[in-house]
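Some notes on the structure that comes next.
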Amino acid sequence: MTDLRAKSPALSGKGQPALPGELLTSHLENTLRAARHIQARVGRIPGLPVAFWTWVALAALLHDAGKLPHGFQRMISNTSEPPQVWGERHEVLSLGFIGLLLSDLPVEERRWIAAAVAGHHRAFTGASDARRLPLFTQYGSDSPEEFAARFHPASQEHLRRLLLWLHTTAQVHGLPVDSPAAPADLGELTKHAHRLFEELMDHWSHPLDFEETEDTGLLAVLLLGAVTMADHLSSAHAPLHQHHPLPADYHTRLTQRLAAHGHALRPQQQAAGDTRGHMLLRSWTASGKTEASLLWARTQIDDLTARTGGIPRVFYILPYLASINAMTDRLSSELQAPHGIGVAHSKAASYHLARSLESCGQGRAGAAGKAHSRAAATKNFLELLRVGTPYQLLRGALAGPVHSSILTDSANSVFILDELHAFDARRLGMILAMMRLWARMGGHVAVLSATLPTVLTELVSEALQQPVALVEPPPSVAVPARHRIHTRTAHLTDEASLDEMRDSLTQGRSVLVIANNVKDAVFLHEALAPLCIELHGKDSAHLLHSRYRRMDRSAIETRILSRFEAGRPRLPGLLIGTQALEVSLNIDLDLCHTSAADLEALLQRFGRTNRLGALQPAPVIVHQPVYTPRRGGGSALWADGVYEEEPTRLAWEILTRHHGETVDERMTTTWLDQVYASAWGKQWHTTVQNHQRDFEEAFLSFETPFDDRSALAESFDAQFDGTEAILAADRDDYAAALTEAADSPKNGRLLADEYLIPLPYWTGALTRYEHQLKVRVIDAEYDPVLGLLAVHGLPPQTYQPGEVL
């Protein structure tokens, strides 16, 4: 079978002729092998039929057999004629091979295989504004004759040989196929395809009945996901990783490493490693939660492997890109597996580029190519341990041929959710709904935090609908006395506050200052940095927030860690920032000044001071914020324009009651419970549950599993992702970077992306889109030290520096 091909000719090196497209038979067998590899990895999924993986394998073998016709082969330049668009869907004709080769199977099983084959590229149904024509719309009104005419002509000899090859290959791989029959012609093929297509229309044109939705809809999505995943893996020619970066002897390795430094496993770490099933881990900052979660994860891997026969994936989920990048670095070092850990967020290629530039001797273009390869590995589900945002996993709820693979890959997996407190009520509700689905698909979930109020433990337990172990340091463990609370009615930017910070700098201390918005952070840096530099040198004062070009932020974070990283010798200096400093950077300073915010945020900020408990209780000084409305936000007030008024006032009241006291880190849970016992807290609880229910009903019932949900992807992006823009002043440099990797436009774009500044999704209105460069441009003042300042060329007062973005 060397005449039929599945793909267009592949591009080769510059100046070289194109390589022939992949043979159809090679692609089909590679997809079948990929399906078997996915089966070996995922294992037996709870609640699915025993024959599930057989259906996946048969669908994988037959999914592209409909590329037989002359029209398709011409379209991919596999004929002597000039290529032209075919206009038909090969997956619809592939249904005919099910009828010719699998007639001995029960009707129900053939229908499931047919659904996966027909649905692996296009939705069956969709709204009138669907971006791509749904299959039932394209072929639903065809008579058998009209349907057959669409796929003529095709070689009878090619059909005969392809059927023989499919039959033989199925037998070699132990798949159930009919006994060899008389050679079929194209008419029989299209007759079987049309008949199966009509059966699919009868079954999937309308939402499933309520009684069958829960099981049938999820089965459909997971089946489609397995087949599309196998198809993508086959096309990528990339093998799934087989050896877990979290080794089976991790407990022993960690114990030995600690012992070598005179330490032992902490009680909560040992308890986490002994826990089987879902876990809530509550323990203070720098108490070894990450290692505890890895010990727990290793136990779950062993249990799930024994139960399912698969190789469980581990997902370490965090809310911020910066914290994800930092955790990836940490795990790579902890597990000594730099190439075994995936980065699952929208800027993964940029993360790998930064690491490649540090180690790659091939220049910037070579580093970009290496970075794209690593990002593609994660996109193709290759790694067994991935660090990412919940957004990447939540996209599985969109289902369909594009996103169903995410759900299939997450079945029988291990999920570690860190910093769950950082999500707002809507996103938290969505995550809780997804947790319930993960548990239903055989997954084990752990939630870990230094700030875990009782209401959140209850929400997690209710979502998982199974027993959840609560692990925390036992009463016998001494609580570190790291912080002493002070409150100030003076705002963070008042002159009295500045004088107090100047005094600390003059005393040779390292001072952390966290503002609630960018405007205040920039003001504080301009007011304090000159004195700090005069006293302690040019590398002593630093500013960090979220509105920097990527290249500048990376450099700033490197400089911050070189001076203030936990475990390094202490140096005097100044670090000013916003919420960007609450997480991610492993820093440790002498004292903290912060504007008041909600209690969870404040406790995270405190944790960046005296982090390792090496000092006497360090001052954490909380300043009363200014409560102002947001533009267009009605009469509601926000602390410094950012944090909700009510939880911020509740936190302030609690902290002022404890002014001058050393923080008892066991009492912080009690403080949080007081906040959530308020009228605001009760309303928050109801809001979270409502969002959870809405997300489950809208996305996770799968009552229309083959419907087109592409229109919903944009709303997902709006909820989780922002947008990005370059400065008008950087336009020429950006254009030059695009051409830096002459042989690879995608590598050039990755290099150019270093000029991008992150912005929220809605701020696209502040930018102009340049079609030639395919990038948004913003006309603004910018400083590599201060970041994004005023935006120009827009209606008056559209944006003010420091306004909530």
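Each chain of the structure tokens is named A, B, ... in the order shown, its residues numbered from 1; ligands are numbered from 1 in display order.
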
Quick one: residues within 7 Å of region 547-557 of chain A, only C-alpha atoms counted, chain neighbours fewer than 6 positions away excluded, as a ChimeraX atom specification?
/A:754-758,784,787-788

Residues within 10 Å of Asp673 (chain A), please, as a PyMOL selection string. Count only C-alpha atoms; anything in the same chain fewer than 2 positions from it doesn't count.
chain A and resi 452-456+667-671+675-678+681

Strand (DSSP E) residues, from DSSP on the backbone, in region 237-468 of chain A, as a PyMOL selection string:
chain A and resi 279-282+314-317+341-344+385-388+414-418+444-449

List the neighbours of Arg482 (chain A) out to 7 Å using only C-alpha atoms; skip same-chain residues closer than 2 positions along the sequence, and give me the result as JSON, numbers by chain.
{"A": [480, 610, 613, 616, 617, 618]}

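Among the candidates A:Val511, A:Leu233, A:Ala439, A:Leu393, the one nearest to Glu29 (chain A) when counting only C-alpha atoms is A:Leu233.
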
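Minimum distance to Thr275 (chain A) across A:His444, A:Lys370, A:His421, A:Lys191 (counting only C-alpha atoms) occurs at A:His444.
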
I want to know what sits within 9 Å of Glu88 (chain A), based on only C-alpha atoms, with residues of the same chain fewer than 3 positions away left out; could you give that as a PyMOL selection string?
chain A and resi 71-72+85+92+138+150-151

Next, the residues of the selection above should be written as an mmCIF file, in the first residue's frame with N, CA, C and O atoms.
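Once written, out.cif looks like this:
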data_model
loop_
_atom_site.group_PDB
_atom_site.id
_atom_site.type_symbol
_atom_site.label_atom_id
_atom_site.label_comp_id
_atom_site.auth_asym_id
_atom_site.auth_seq_id
_atom_site.Cartn_x
_atom_site.Cartn_y
_atom_site.Cartn_z
ATOM 1 N N GLY A 71 -10.233 12.484 -4.758
ATOM 2 C CA GLY A 71 -10.329 13.889 -4.385
ATOM 3 C C GLY A 71 -9.444 14.233 -3.203
ATOM 4 O O GLY A 71 -8.801 15.296 -3.183
ATOM 5 N N PHE A 72 -9.400 13.349 -2.212
ATOM 6 C CA PHE A 72 -8.543 13.615 -1.063
ATOM 7 C C PHE A 72 -7.078 13.506 -1.455
ATOM 8 O O PHE A 72 -6.251 14.355 -1.056
ATOM 9 N N VAL A 85 -8.913 21.939 -3.403
ATOM 10 C CA VAL A 85 -9.702 21.606 -2.215
ATOM 11 C C VAL A 85 -10.740 20.542 -2.569
ATOM 12 O O VAL A 85 -11.418 20.639 -3.601
ATOM 13 N N VAL A 92 -16.238 10.749 7.463
ATOM 14 C CA VAL A 92 -17.580 10.234 7.198
ATOM 15 C C VAL A 92 -17.501 8.978 6.331
ATOM 16 O O VAL A 92 -18.187 7.980 6.578
ATOM 17 N N GLN A 138 -23.811 19.171 7.116
ATOM 18 C CA GLN A 138 -23.197 18.989 5.804
ATOM 19 C C GLN A 138 -23.779 17.805 5.047
ATOM 20 O O GLN A 138 -23.953 17.867 3.823
ATOM 21 N N ARG A 150 -20.628 12.018 -3.565
ATOM 22 C CA ARG A 150 -19.627 12.934 -2.991
ATOM 23 C C ARG A 150 -18.226 12.308 -2.966
ATOM 24 O O ARG A 150 -17.228 13.029 -2.992
ATOM 25 N N PHE A 151 -18.157 10.968 -2.893
ATOM 26 C CA PHE A 151 -16.874 10.313 -2.642
ATOM 27 C C PHE A 151 -16.307 9.607 -3.876
ATOM 28 O O PHE A 151 -15.304 8.898 -3.778
#

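CA of Glu472 (chain A) to CA of Ala271 (chain A) spans 8.4 Å [interatomic distance, one decimal].
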
Near His167 (chain A), within 10 Å and counting only C-alpha atoms, which residues show up once chain neighbours fewer than 4 positions away are dropped, as a VMD selection string?
chain A and resid 100 to 102 161 to 163 171 to 172 175 to 180

Write a file of the just-selected residues containing N, CA, C and O atoms, as a CSV table (one decimal), in the first residue's frame.
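New file result30.csv:
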chain,number,residue,atom,x,y,z
A,100,LEU,N,-18.1,-2.8,6.8
A,100,LEU,CA,-17.5,-3.9,6.0
A,100,LEU,C,-16.6,-4.8,6.8
A,100,LEU,O,-16.5,-6.0,6.5
A,101,LEU,N,-16.1,-4.3,7.9
A,101,LEU,CA,-15.1,-5.2,8.7
A,101,LEU,C,-15.6,-5.6,10.1
A,101,LEU,O,-15.1,-6.5,10.7
A,102,LEU,N,-16.7,-4.9,10.6
A,102,LEU,CA,-17.1,-5.2,12.0
A,102,LEU,C,-18.5,-5.5,12.1
A,102,LEU,O,-19.2,-5.3,13.1
A,161,ARG,N,-7.1,-3.6,-1.7
A,161,ARG,CA,-5.9,-3.7,-0.9
A,161,ARG,C,-5.9,-3.1,0.5
A,161,ARG,O,-5.4,-3.6,1.4
A,162,LEU,N,-6.6,-2.0,0.6
A,162,LEU,CA,-6.8,-1.3,1.9
A,162,LEU,C,-7.6,-2.2,2.8
A,162,LEU,O,-7.2,-2.4,4.0
A,163,LEU,N,-8.7,-2.8,2.3
A,163,LEU,CA,-9.5,-3.7,3.2
A,163,LEU,C,-8.7,-4.9,3.6
A,163,LEU,O,-8.8,-5.3,4.8
A,171,GLN,N,-6.1,-8.3,12.9
A,171,GLN,CA,-5.9,-9.7,13.4
A,171,GLN,C,-4.6,-9.7,14.1
A,171,GLN,O,-4.4,-10.3,15.2
A,172,VAL,N,-3.5,-9.1,13.5
A,172,VAL,CA,-2.2,-9.1,14.1
A,172,VAL,C,-2.2,-8.5,15.5
A,172,VAL,O,-1.6,-8.9,16.4
A,175,LEU,N,-7.5,-7.7,17.4
A,175,LEU,CA,-8.8,-7.0,17.4
A,175,LEU,C,-9.8,-7.8,16.7
A,175,LEU,O,-9.6,-8.5,15.7
A,176,PRO,N,-11.1,-7.7,17.1
A,176,PRO,CA,-12.2,-8.5,16.5
A,176,PRO,C,-12.6,-8.0,15.2
A,176,PRO,O,-13.1,-6.9,15.1
A,177,VAL,N,-12.4,-8.7,14.1
A,177,VAL,CA,-12.9,-8.3,12.8
A,177,VAL,C,-13.6,-9.5,12.1
A,177,VAL,O,-13.4,-10.7,12.5
A,178,ASP,N,-14.4,-9.2,11.2
A,178,ASP,CA,-15.2,-10.3,10.5
A,178,ASP,C,-14.2,-11.2,9.7
A,178,ASP,O,-13.1,-10.9,9.4
A,179,SER,N,-14.7,-12.4,9.4
A,179,SER,CA,-14.0,-13.3,8.5
A,179,SER,C,-13.9,-12.6,7.1
A,179,SER,O,-14.7,-11.9,6.7
A,180,PRO,N,-12.8,-12.9,6.4
A,180,PRO,CA,-12.6,-12.3,5.1
A,180,PRO,C,-13.8,-12.6,4.2
A,180,PRO,O,-14.4,-13.7,4.2

Report as an mmCIF file with N, CA and C atoms, in the first residue's frame all protein, DNA and RNA residues lying within 8 Å of Arg5 (chain A), evaluated on only C-alpha atoms, omitting residues in the same chain fewer than 3 positions from it.
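Result saved to out05.cif:
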data_model
loop_
_atom_site.group_PDB
_atom_site.id
_atom_site.type_symbol
_atom_site.label_atom_id
_atom_site.label_comp_id
_atom_site.auth_asym_id
_atom_site.auth_seq_id
_atom_site.Cartn_x
_atom_site.Cartn_y
_atom_site.Cartn_z
ATOM 1 N N THR A 2 1.592 1.474 -1.055
ATOM 2 C CA THR A 2 2.480 2.638 -1.164
ATOM 3 C C THR A 2 1.876 3.757 -2.010
ATOM 4 N N SER A 8 -0.031 15.621 3.544
ATOM 5 C CA SER A 8 0.628 16.374 2.479
ATOM 6 C C SER A 8 2.140 16.209 2.600
ATOM 7 N N GLY A 21 4.529 12.760 1.722
ATOM 8 C CA GLY A 21 3.632 12.666 2.863
ATOM 9 C C GLY A 21 3.594 11.253 3.429
ATOM 10 N N GLU A 22 3.168 11.144 4.693
ATOM 11 C CA GLU A 22 3.137 9.845 5.359
ATOM 12 C C GLU A 22 2.142 8.911 4.673
ATOM 13 N N LEU A 23 2.531 7.652 4.509
ATOM 14 C CA LEU A 23 1.636 6.649 3.934
ATOM 15 C C LEU A 23 0.396 6.486 4.803
ATOM 16 N N LEU A 24 -0.744 6.251 4.160
ATOM 17 C CA LEU A 24 -1.981 6.077 4.912
ATOM 18 C C LEU A 24 -1.884 4.884 5.850
ATOM 19 N N THR A 25 -1.356 3.786 5.361
ATOM 20 C CA THR A 25 -1.258 2.592 6.213
ATOM 21 C C THR A 25 -0.323 2.833 7.393
ATOM 22 N N LYS A 67 -9.714 8.347 3.616
ATOM 23 C CA LYS A 67 -8.855 9.187 2.755
ATOM 24 C C LYS A 67 -8.542 8.506 1.429
ATOM 25 N N GLN A 73 -6.739 12.466 -2.206
ATOM 26 C CA GLN A 73 -5.342 12.275 -2.591
ATOM 27 C C GLN A 73 -4.842 13.444 -3.441
ATOM 28 N N ASN A 78 -0.979 14.136 -3.878
ATOM 29 C CA ASN A 78 -0.542 12.761 -4.114
ATOM 30 C C ASN A 78 -1.049 12.236 -5.459
#

Excluding same-chain residues fewer than 2 positions from region 244-254 of chain A, what lies within 10 Å of it counting only C-alpha atoms, as number ranges by chain?
A: 241-242, 256-260, 264-265, 269-270, 273, 291-292, 294-299, 301-302, 311-314, 331-332, 334-341, 383-385

Got a sec to tell me which of region 322-541 of chain A DSSP assigns to helix (DSSP H, G or I), as a PyMOL selection string?
chain A and resi 322-335+348-359+363-379+390-398+400-410+420-422+425-440+454-464+495-506+518-536

Which residue out of A:Ala614, A:Ala397, A:Leu505, A:Ala450 has the minimum interatomic distance to Arg666 (chain A) when only C-alpha atoms are used?
A:Ala450

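In terms of minimum interatomic distance to His658 (chain A), A:Thr487 ranks closest within A:Ser635, A:Thr487, A:Ser595, A:Thr704, counting only C-alpha atoms.
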